[in-house]
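Structure file start-v4.cif; described as mmCIF, C-alpha atoms.
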```
data_start
#
loop_
_atom_site.label_atom_id
_atom_site.label_comp_id
_atom_site.auth_asym_id
_atom_site.auth_seq_id
_atom_site.Cartn_x
_atom_site.Cartn_y
_atom_site.Cartn_z
CA MET A 1 -58.83 44.99 -116.08
CA LYS A 2 -56.92 47.96 -117.39
CA LYS A 3 -57.89 50.01 -114.41
CA ASN A 4 -56.65 47.37 -112.07
CA ILE A 5 -53.34 47.24 -113.83
CA LEU A 6 -53.00 50.97 -113.64
CA VAL A 7 -53.78 50.95 -109.93
CA TYR A 8 -51.25 48.27 -109.28
CA ILE A 9 -48.56 50.15 -111.24
CA THR A 10 -49.36 53.28 -109.29
CA ALA A 11 -49.01 51.48 -105.96
CA ILE A 12 -45.64 50.01 -106.92
CA THR A 13 -44.43 53.39 -108.07
CA LEU A 14 -45.39 54.96 -104.77
CA ILE A 15 -43.60 52.26 -102.83
CA LEU A 16 -40.43 52.68 -104.88
CA ALA A 17 -40.50 56.41 -104.62
CA GLY A 18 -40.88 56.18 -100.79
CA CYS A 19 -41.62 59.38 -99.03
CA GLY A 20 -40.43 61.84 -101.75
CA SER A 21 -41.07 65.57 -101.86
CA SER A 22 -44.35 67.14 -103.06
CA ALA A 23 -42.86 68.02 -106.37
CA GLU A 24 -41.77 64.50 -106.98
CA LYS A 25 -45.28 63.31 -106.11
CA SER A 26 -46.74 65.76 -108.61
CA THR A 27 -44.36 64.68 -111.29
CA ALA A 28 -45.16 61.09 -110.52
CA GLY A 29 -48.83 61.97 -110.88
CA VAL A 30 -48.30 63.55 -114.28
CA GLU A 31 -46.23 60.63 -115.35
CA THR A 32 -48.90 58.33 -114.07
CA SER A 33 -51.58 60.22 -115.98
CA THR A 34 -49.47 60.11 -119.09
CA ALA A 35 -48.90 56.45 -118.59
CA THR A 36 -52.62 56.03 -118.11
CA GLU A 37 -53.38 57.84 -121.32
CA GLN A 38 -50.78 55.81 -123.10
CA ALA A 39 -52.25 52.66 -121.65
CA ALA A 40 -55.71 53.81 -122.80
CA GLU A 41 -54.42 54.40 -126.21
CA ALA A 42 -52.66 51.18 -126.21
CA GLY A 43 -55.87 49.53 -125.09
CA SER A 44 -57.15 49.82 -128.55
CA ASN A 45 -54.24 47.96 -129.92
CA GLU A 46 -54.40 44.37 -130.76
CA ASP A 47 -54.22 41.49 -128.25
CA SER A 48 -50.52 41.11 -128.93
CA ASP A 49 -49.87 44.60 -127.55
CA LYS A 50 -51.86 43.63 -124.39
CA SER A 51 -49.81 40.59 -124.01
CA PHE A 52 -46.64 42.58 -124.33
CA GLY A 53 -47.86 45.05 -121.67
CA THR A 54 -48.65 42.24 -119.36
CA GLU A 55 -45.13 40.86 -119.67
CA LYS A 56 -43.70 44.29 -118.83
CA ILE A 57 -45.86 44.53 -115.74
CA ASP A 58 -44.74 41.07 -114.65
CA ALA A 59 -41.13 42.03 -115.18
CA SER A 60 -41.65 45.21 -113.17
CA LYS A 61 -43.24 43.17 -110.40
CA ASP A 62 -40.32 40.78 -110.33
CA SER A 63 -37.84 43.67 -110.24
CA THR A 64 -39.75 45.39 -107.47
CA ASN A 65 -40.07 42.22 -105.43
CA GLN A 66 -36.40 41.46 -105.86
CA LYS A 67 -35.40 44.93 -104.67
CA LEU A 68 -37.76 44.68 -101.68
CA SER A 69 -36.40 41.25 -100.80
CA GLU A 70 -32.79 42.41 -101.02
CA SER A 71 -33.55 45.55 -98.99
CA SER A 72 -35.37 43.47 -96.41
CA LYS A 73 -32.52 40.99 -96.24
CA GLU A 74 -29.95 43.77 -95.79
CA ASN A 75 -32.03 45.39 -93.06
CA THR A 76 -32.53 42.02 -91.43
CA LYS A 77 -28.80 41.24 -91.60
CA GLN A 78 -27.90 44.67 -90.21
CA LYS A 79 -30.40 44.37 -87.39
CA SER A 80 -29.32 40.81 -86.70
CA SER A 81 -25.65 41.85 -86.62
CA GLU A 82 -26.35 44.79 -84.33
CA SER A 83 -28.58 42.63 -82.14
CA SER A 84 -25.91 39.92 -82.04
CA LYS A 85 -23.22 42.45 -81.09
CA GLU A 86 -25.39 43.93 -78.37
CA ASP A 87 -26.28 40.46 -77.09
CA THR A 88 -22.62 39.45 -77.18
CA LYS A 89 -21.56 42.60 -75.30
CA GLN A 90 -24.32 42.09 -72.84
CA LYS A 91 -23.67 38.40 -72.37
CA THR A 92 -19.89 38.71 -72.15
CA PRO A 93 -19.76 40.82 -69.00
CA GLU A 94 -22.58 38.80 -67.55
CA SER A 95 -20.74 35.56 -68.35
CA SER A 96 -17.52 37.04 -66.97
CA LYS A 97 -19.34 38.09 -63.85
CA GLU A 98 -20.87 34.65 -63.49
CA ASN A 99 -17.47 32.96 -63.95
CA THR A 100 -15.88 35.35 -61.49
CA ASN A 101 -18.65 34.76 -59.00
CA GLN A 102 -18.41 31.01 -59.52
CA LYS A 103 -14.61 30.98 -59.01
CA SER A 104 -14.93 33.24 -55.99
CA SER A 105 -17.57 30.94 -54.58
CA GLU A 106 -15.39 27.84 -55.16
CA LEU A 107 -12.33 29.53 -53.57
CA SER A 108 -14.48 30.63 -50.66
CA LYS A 109 -15.76 27.07 -50.28
CA ASP A 110 -12.21 25.65 -50.39
CA ASP A 111 -10.99 28.19 -47.81
CA THR A 112 -14.02 27.50 -45.66
CA ASN A 113 -13.48 23.70 -45.90
CA GLN A 114 -9.75 24.05 -45.16
CA LYS A 115 -10.39 26.32 -42.17
CA SER A 116 -13.10 23.97 -40.97
CA SER A 117 -10.71 20.99 -41.29
CA GLU A 118 -7.95 22.85 -39.43
CA THR A 119 -10.41 23.91 -36.72
CA SER A 120 -11.61 20.29 -36.43
CA LYS A 121 -8.02 19.03 -36.12
CA LYS A 122 -7.21 21.61 -33.45
CA SER A 123 -10.38 20.74 -31.58
CA SER A 124 -9.50 17.03 -31.81
CA GLU A 125 -5.94 17.67 -30.58
CA GLU A 126 -7.19 19.86 -27.73
CA SER A 127 -9.74 17.19 -26.85
CA ASP A 128 -7.01 14.48 -26.84
CA ALA A 129 -4.76 16.70 -24.68
CA GLN A 130 -7.62 17.29 -22.24
CA LYS A 131 -8.34 13.55 -22.11
CA GLN A 132 -4.66 12.81 -21.46
CA GLN A 133 -4.50 15.38 -18.68
CA THR A 134 -7.69 13.98 -17.19
CA ASN A 135 -6.27 10.42 -17.30
CA GLN A 136 -3.02 11.59 -15.67
CA LYS A 137 -4.97 13.33 -12.91
CA GLN A 138 -7.08 10.22 -12.34
CA THR A 139 -3.94 8.04 -12.21
CA LYS A 140 -2.32 10.38 -9.67
CA GLU A 141 -5.48 10.37 -7.58
CA GLN A 142 -5.59 6.58 -7.67
CA GLN A 143 -1.93 6.37 -6.63
CA THR A 144 -2.56 8.87 -3.82
CA ASN A 145 -5.58 6.91 -2.61
CA GLN A 146 -3.59 3.69 -2.75
CA LYS A 147 -0.77 5.20 -0.68
CA GLN A 148 -3.24 6.55 1.86
CA THR A 149 -4.86 3.16 2.10
CA GLU A 150 -1.49 1.44 2.62
CA GLU A 151 -0.46 3.99 5.27
CA GLN A 152 -3.63 3.48 7.33
CA PRO A 153 -3.17 1.48 10.56
CA ALA A 154 -3.89 -2.19 10.33
CA GLN A 155 -6.86 -1.90 12.73
CA GLN A 156 -8.62 0.55 10.39
CA GLN A 157 -8.48 -1.77 7.45
CA THR A 158 -11.40 -4.08 6.94
CA PRO A 159 -10.19 -7.65 7.26
CA ALA A 160 -10.82 -9.84 4.27
CA PRO A 161 -13.43 -12.54 4.82
CA GLU A 162 -11.98 -15.90 5.60
CA GLN A 163 -12.31 -18.43 2.84
CA PRO A 164 -13.32 -21.98 3.58
CA ALA A 165 -10.54 -24.47 4.02
CA SER A 166 -11.48 -26.18 0.76
CA ALA A 167 -10.77 -22.96 -1.17
CA GLU A 168 -7.30 -22.48 0.26
CA GLN A 169 -4.50 -23.25 -2.11
CA PRO A 170 -1.24 -24.70 -0.86
CA LYS A 171 1.55 -22.15 -0.73
CA THR A 172 4.57 -22.82 -2.82
CA PRO A 173 7.55 -23.10 -0.50
CA GLU A 174 10.15 -20.45 -1.09
CA THR A 175 13.48 -21.69 -2.30
CA PRO A 176 16.08 -20.86 0.34
CA LYS A 177 18.74 -18.50 -0.87
CA THR A 178 22.17 -20.01 -0.89
CA PRO A 179 24.63 -17.63 0.75
CA GLU A 180 27.67 -16.76 -1.23
CA LYS A 181 30.58 -18.92 -0.13
CA THR A 182 33.77 -17.11 0.68
CA ASP A 183 36.87 -18.56 -0.82
CA TYR A 184 39.17 -18.90 2.19
CA GLY A 185 41.80 -20.73 0.19
CA ARG A 186 44.27 -22.83 2.16
CA ILE A 187 43.24 -22.89 5.85
CA LEU A 188 45.40 -23.47 8.94
CA PHE A 189 43.65 -24.16 12.26
CA VAL A 190 45.60 -23.59 15.55
CA GLY A 191 44.33 -24.62 19.04
CA ASP A 192 44.96 -26.14 22.45
CA SER A 193 43.57 -29.23 24.25
CA ARG A 194 39.97 -28.31 23.48
CA THR A 195 40.85 -28.48 19.76
CA VAL A 196 42.45 -31.93 20.23
CA ASP A 197 39.23 -33.13 21.95
CA MET A 198 37.15 -32.31 18.83
CA PHE A 199 38.95 -35.13 16.94
CA SER A 200 40.13 -37.54 19.64
CA ALA A 201 39.15 -38.67 23.15
CA ASP A 202 42.60 -39.77 24.34
CA ARG A 203 45.26 -37.90 22.35
CA ASP A 204 47.18 -34.88 23.60
CA LYS A 205 48.21 -33.28 20.30
CA ILE A 206 47.55 -33.15 16.56
CA LEU A 207 50.26 -31.69 14.35
CA GLY A 208 49.58 -31.10 10.68
CA GLU A 209 46.64 -33.46 10.17
CA VAL A 210 43.94 -32.47 7.65
CA TYR A 211 40.21 -32.53 8.51
CA ASP A 212 37.65 -31.45 5.93
CA GLY A 213 40.41 -29.82 3.91
CA ILE A 214 41.72 -27.85 6.91
CA THR A 215 45.22 -28.41 8.33
CA VAL A 216 45.08 -28.70 12.14
CA TYR A 217 47.82 -27.95 14.69
CA ALA A 218 46.78 -28.41 18.37
CA GLU A 219 48.35 -29.49 21.70
CA ASP A 220 47.28 -29.79 25.34
CA ALA A 221 48.05 -26.96 27.83
CA ARG A 222 49.55 -24.61 25.20
CA SER A 223 49.34 -20.76 25.11
CA TYR A 224 50.39 -17.97 22.70
CA THR A 225 53.88 -19.40 22.33
CA PHE A 226 52.42 -22.41 20.50
CA LEU A 227 50.92 -20.02 17.91
CA ILE A 228 54.36 -18.55 17.24
CA GLU A 229 55.92 -22.02 16.93
CA THR A 230 53.20 -23.26 14.58
CA MET A 231 53.50 -20.24 12.27
CA SER A 232 57.18 -20.94 11.99
CA SER A 233 56.99 -24.73 11.48
CA ALA A 234 53.94 -24.80 9.19
CA GLY A 235 55.04 -21.71 7.28
CA THR A 236 52.50 -18.92 6.86
CA GLU A 237 53.40 -18.69 3.19
CA ASN A 238 51.67 -22.07 2.72
CA PHE A 239 48.26 -20.79 3.91
CA ASP A 240 45.79 -18.08 3.02
CA THR A 241 43.58 -18.14 6.13
CA ILE A 242 44.51 -18.64 9.81
CA ILE A 243 41.84 -19.75 12.33
CA SER A 244 42.77 -19.52 16.02
CA TRP A 245 41.02 -21.07 19.02
CA MET A 246 43.62 -20.13 21.57
CA GLY A 247 43.47 -18.26 24.92
CA CYS A 248 42.04 -20.60 27.55
CA ASN A 249 45.56 -21.19 28.93
CA ASP A 250 46.45 -17.48 28.88
CA TYR A 251 44.30 -16.66 31.92
CA GLY A 252 42.35 -13.81 30.44
CA ASN A 253 45.29 -12.04 28.77
CA PHE A 254 44.58 -11.30 25.10
CA ALA A 255 47.40 -8.77 24.79
CA ASN A 256 50.00 -11.53 24.19
CA TYR A 257 48.29 -12.49 20.89
CA GLN A 258 47.64 -9.04 19.55
CA PRO A 259 51.08 -8.30 17.97
CA HIS A 260 51.20 -11.75 16.28
CA TYR A 261 47.72 -11.37 14.82
CA GLU A 262 48.62 -7.94 13.52
CA GLY A 263 51.71 -9.44 11.88
CA LEU A 264 49.54 -11.97 10.02
CA LEU A 265 47.29 -9.17 8.77
CA ARG A 266 50.32 -7.26 7.50
CA GLU A 267 51.32 -10.35 5.53
CA GLY A 268 47.95 -10.22 3.82
CA LYS A 269 46.51 -13.28 5.57
CA ARG A 270 42.83 -13.64 6.36
CA LEU A 271 42.37 -14.07 10.13
CA ILE A 272 39.42 -15.70 11.96
CA LEU A 273 39.25 -15.79 15.76
CA CYS A 274 37.13 -18.08 17.97
CA THR A 275 36.06 -16.90 21.41
CA VAL A 276 37.15 -19.23 24.24
CA GLY A 277 34.43 -21.35 25.83
CA PRO A 278 33.22 -20.97 29.41
CA THR A 279 34.65 -22.85 32.40
CA LEU A 280 32.82 -24.35 35.38
CA ASP A 281 34.13 -22.77 38.58
CA SER A 282 32.56 -25.49 40.78
CA GLY A 283 34.34 -28.18 38.78
CA LEU A 284 37.84 -26.76 39.32
CA THR A 285 39.53 -29.23 41.65
CA ASN A 286 43.05 -28.01 42.47
CA ASP A 287 44.34 -24.70 43.68
CA PHE A 288 46.08 -23.79 40.42
CA ASP A 289 42.99 -24.29 38.33
CA LYS A 290 40.88 -22.38 40.85
CA THR A 291 43.14 -19.35 40.50
CA HIS A 292 43.84 -19.47 36.73
CA TYR A 293 40.76 -20.93 34.98
CA LEU A 294 37.93 -19.00 36.49
CA ASN A 295 35.14 -18.20 34.06
CA ASP A 296 35.68 -14.47 34.60
CA PHE A 297 39.08 -14.84 32.96
CA GLN A 298 37.43 -16.33 29.88
CA ILE A 299 34.97 -13.44 29.72
CA ALA A 300 37.74 -10.85 30.05
CA TYR A 301 39.76 -12.51 27.29
CA ASN A 302 36.77 -12.58 24.94
CA SER A 303 35.93 -8.93 25.63
CA ALA A 304 39.41 -7.81 24.55
CA LEU A 305 39.24 -10.15 21.52
CA TRP A 306 35.96 -8.60 20.32
CA THR A 307 37.28 -5.09 20.68
CA TRP A 308 40.41 -5.76 18.67
CA ALA A 309 38.65 -7.83 16.01
CA ASN A 310 36.01 -5.16 15.39
CA ALA A 311 38.68 -2.48 15.11
CA ASN A 312 40.61 -4.49 12.52
CA GLY A 313 37.73 -6.01 10.53
CA VAL A 314 38.49 -9.57 11.66
CA LYS A 315 35.79 -12.28 11.56
CA VAL A 316 34.80 -13.82 14.93
CA ILE A 317 33.14 -17.22 15.60
CA ASP A 318 31.37 -16.92 18.97
CA LEU A 319 31.94 -20.38 20.50
CA TYR A 320 31.44 -19.03 24.01
CA SER A 321 27.74 -18.28 23.35
CA TYR A 322 27.24 -21.61 21.64
CA LEU A 323 28.86 -23.67 24.44
CA ALA A 324 27.05 -21.71 27.18
CA ASN A 325 23.65 -22.55 25.68
CA THR A 326 23.98 -25.90 23.90
CA THR A 327 23.07 -29.35 25.21
CA ASP A 328 25.10 -31.15 22.54
CA VAL A 329 28.18 -30.91 24.74
CA TYR A 330 28.72 -29.92 28.38
CA LEU A 331 31.53 -29.04 30.77
CA ASP A 332 33.12 -32.03 32.54
CA PRO A 333 32.20 -31.68 36.24
CA ALA A 334 35.37 -33.58 37.17
CA ASP A 335 37.72 -30.79 36.01
CA GLY A 336 35.49 -27.83 34.99
CA ILE A 337 37.61 -27.04 31.87
CA HIS A 338 37.05 -29.66 29.15
CA TYR A 339 33.86 -30.76 27.38
CA GLN A 340 32.06 -34.06 27.19
CA PRO A 341 31.32 -36.35 25.48
CA LYS A 342 34.56 -36.72 23.60
CA PRO A 343 35.32 -36.32 20.78
CA THR A 344 33.33 -33.13 20.69
CA GLY A 345 32.61 -33.14 16.98
CA ALA A 346 29.57 -30.86 17.48
CA ILE A 347 31.93 -27.93 18.13
CA TRP A 348 33.82 -28.66 14.90
CA SER A 349 30.52 -28.65 12.98
CA VAL A 350 29.72 -25.16 14.30
CA ILE A 351 33.12 -23.90 13.11
CA ARG A 352 32.63 -25.47 9.67
CA SER A 353 29.15 -23.97 9.38
CA ALA A 354 30.49 -20.52 10.20
CA LEU A 355 32.91 -20.81 7.28
CA ASN A 356 30.09 -21.67 4.87
#
```
What do you get writing this file as C-alpha cells?
Amino acid sequence: MKKNILVYITAITLILAGCGSSAEKSTAGVETSTATEQAAEAGSNEDSDKSFGTEKIDASKDSTNQKLSESSKENTKQKSSESSKEDTKQKTPESSKENTNQKSSELSKDDTNQKSSETSKKSSEESDAQKQQTNQKQTKEQQTNQKQTEEQPAQQQTPAPEQPASAEQPKTPETPKTPEKTDYGRILFVGDSRTVDMFSADRDKILGEVYDGITVYAEDARSYTFLIETMSSAGTENFDTIISWMGCNDYGNFANYQPHYEGLLREGKRLILCTVGPTLDSGLTNDFDKTHYLNDFQIAYNSALWTWANANGVKVIDLYSYLANTTDVYLDPADGIHYQPKPTGAIWSVIRSALN
C-alpha cells in the first residue's frame, strides 16, 4: 500500500515537473528518496498519521487535477479560438466569393433575359413587317390580276352559265333622274301665224294672252318688225326670258333679227330661238308663195340661226327636225306652209318639254 502511494506520488511529480533538465530530475529523485524514507519512517507511526498522509495525498491529487483541467481548458480555448479565427478567415473570402459569384450569375441571367426579350421583340416586329409587306404584295398582285382580267376582250372571257328561269330575280327598276329645272323667270313668247295655230284654228292673232304661265304675242304674216313692236309694247323690262319662233316670213334672211337679239342679250335677257319648220314646195299654190316660201329658204334661215346661237351661247329648240319627222302634225297640202290638224297643240308640247 505504501509502495503504491509512493509510486503514485512519483508519477504526479514527474507530470508536474514536465520535461525538466537532468539536474532537476536528479534533485527530484533525491527528494523522492527522502520522501520515501520519511514515508517509511512515518509508516511506523500510528494509524492517525496514516490517515493524515492519505488526506495530503488526496489534496495533492485534487490540486494536480485542477491544474491539469485548467491547463487543458486554456489550451482548448486557445486552440478553439485560433481554429475559429482560421475558419472565419477561410469562410469569409469563400462566402464573399460565393456571394459575388451568385450576384454575378443573377446579373448575367437578368442581362441574358433582357437581351433575349429584346431579341424576341425585334424578331416579332421584323416578322410582322415581313407579313405586312407580303400582304401588300399579294394585294397588289390581286389588283393587277383583276385589271388584266377586266382588260381582256369579251370573247376571251368565259361566259357565266345561264341560270334557270326560276332562279332569276326580278331587277329593281332604276329611278329616273329628274333633270334640274332651269328657272326662266317671266317668259315672253313671240311668233307668227304658225304660233297662232298652236292655240286656235280660226284666229289670226294673239296679243298678250297667257298659256301655261307664258305670255304669248303672235300674228299672221308678220316678220322681224313684229318682234320690234312687241318688245316695245310688252316692255322687255317685264320679262326675264324671250322665246322667238319667227323667220318663216323673212324668206331665209336671218340677218334682220341678229341686231335685235344682240340687244336683248346686252340687256341681260335670256334668249331662246326656235328653228322655223319646213315648207312643202308642191303645196305652194300662187306665184308669190312659190318664190318666197321654198323649203330651201327655211333651211338657209336655220343655218344662219344655228351659227349665231352657238357663237353667243343661246339655247335652240329644233322644231324643224321635229316637224320633218313627226306624224302628229303635217303640212297642209292646200297651201304648203301651215300645219294640220289645227290647233297644233303637239308643237306647243314640244316647246314646253324643251323648257323642262
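For the structure in this document, the set picked by the PyMOL selection byres ((chain A and resi 347-354) around 8) is Met198, Ile317, Leu319, Thr344, Gly345, Ala346, Leu355 and Asn356 of chain A.
The neighbours of A:Thr195 here are the residues that come within 10 Å of it, using only C-alpha atoms and leaving out any residue fewer than 5 positions away in the same chain; they are Phe189, Val190, Ser200, Asp204, Lys205, Ile206, Val216, Tyr217, Ala218, Glu219, Asp220, Ser244, Trp245, Met246, Pro343, Thr344, Gly345, Ile347 and Trp348 of chain A.
Atom CA of A:Leu273 lies 15.8 Å from atom CA of A:Thr215.
Our summary of the geometry notes that atom CA of A:Ala324 is positioned 10.8 Å from atom CA of A:Val276.
The interatomic distance for the pair atom CA of A:Leu284 and atom CA of A:Arg203 works out to 21.6 Å.
Applied to this file, the PyMOL selection byres ((chain A and resi 247-262) around 6) selects Ser223, Met246, Gly263, Leu264, Leu265, His292, Phe297, Gln298, Ala300 and Tyr301 of chain A.
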Selected residues written out, C-alpha atoms, as an mmCIF file, in the coordinates of the input:
```cif
data_model
loop_
_atom_site.group_PDB
_atom_site.id
_atom_site.type_symbol
_atom_site.label_atom_id
_atom_site.label_comp_id
_atom_site.auth_asym_id
_atom_site.auth_seq_id
_atom_site.Cartn_x
_atom_site.Cartn_y
_atom_site.Cartn_z
ATOM 1 C CA SER A 223 49.340 -20.760 25.110
ATOM 2 C CA MET A 246 43.620 -20.130 21.570
ATOM 3 C CA GLY A 263 51.710 -9.440 11.880
ATOM 4 C CA LEU A 264 49.540 -11.970 10.020
ATOM 5 C CA LEU A 265 47.290 -9.170 8.770
ATOM 6 C CA HIS A 292 43.840 -19.470 36.730
ATOM 7 C CA PHE A 297 39.080 -14.840 32.960
ATOM 8 C CA GLN A 298 37.430 -16.330 29.880
ATOM 9 C CA ALA A 300 37.740 -10.850 30.050
ATOM 10 C CA TYR A 301 39.760 -12.510 27.290
#
```
Pick out the residues sitting within 10 Å of A:Tyr184, and hand them over as a ChimeraX atom specification; count all atoms listed in the file, and ignore anything fewer than 5 positions along from it in its own chain.
/A:239-242,269-271,355-356
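What the PyMOL selection byres ((chain A and resi 320) around 10) picks from this file is Cys274, Thr275, Val276, Gly277, Pro278, Thr279, Gln298, Ile299, Asn302, Ile317, Asp318, Leu319, Ser321, Tyr322, Leu323, Ala324 and Asn325 of chain A.
For the residues A:Asn238, A:Asn286, A:Gly208, A:Gly191, ranking by smallest atom-to-atom distance to A:Tyr224 using all atoms listed in the file places A:Gly191 first.
Shortest atom-to-atom contact with A:Pro333 among A:Ile228, A:Leu280, A:Ile15, A:Val196: A:Leu280, counting only C-alpha atoms.
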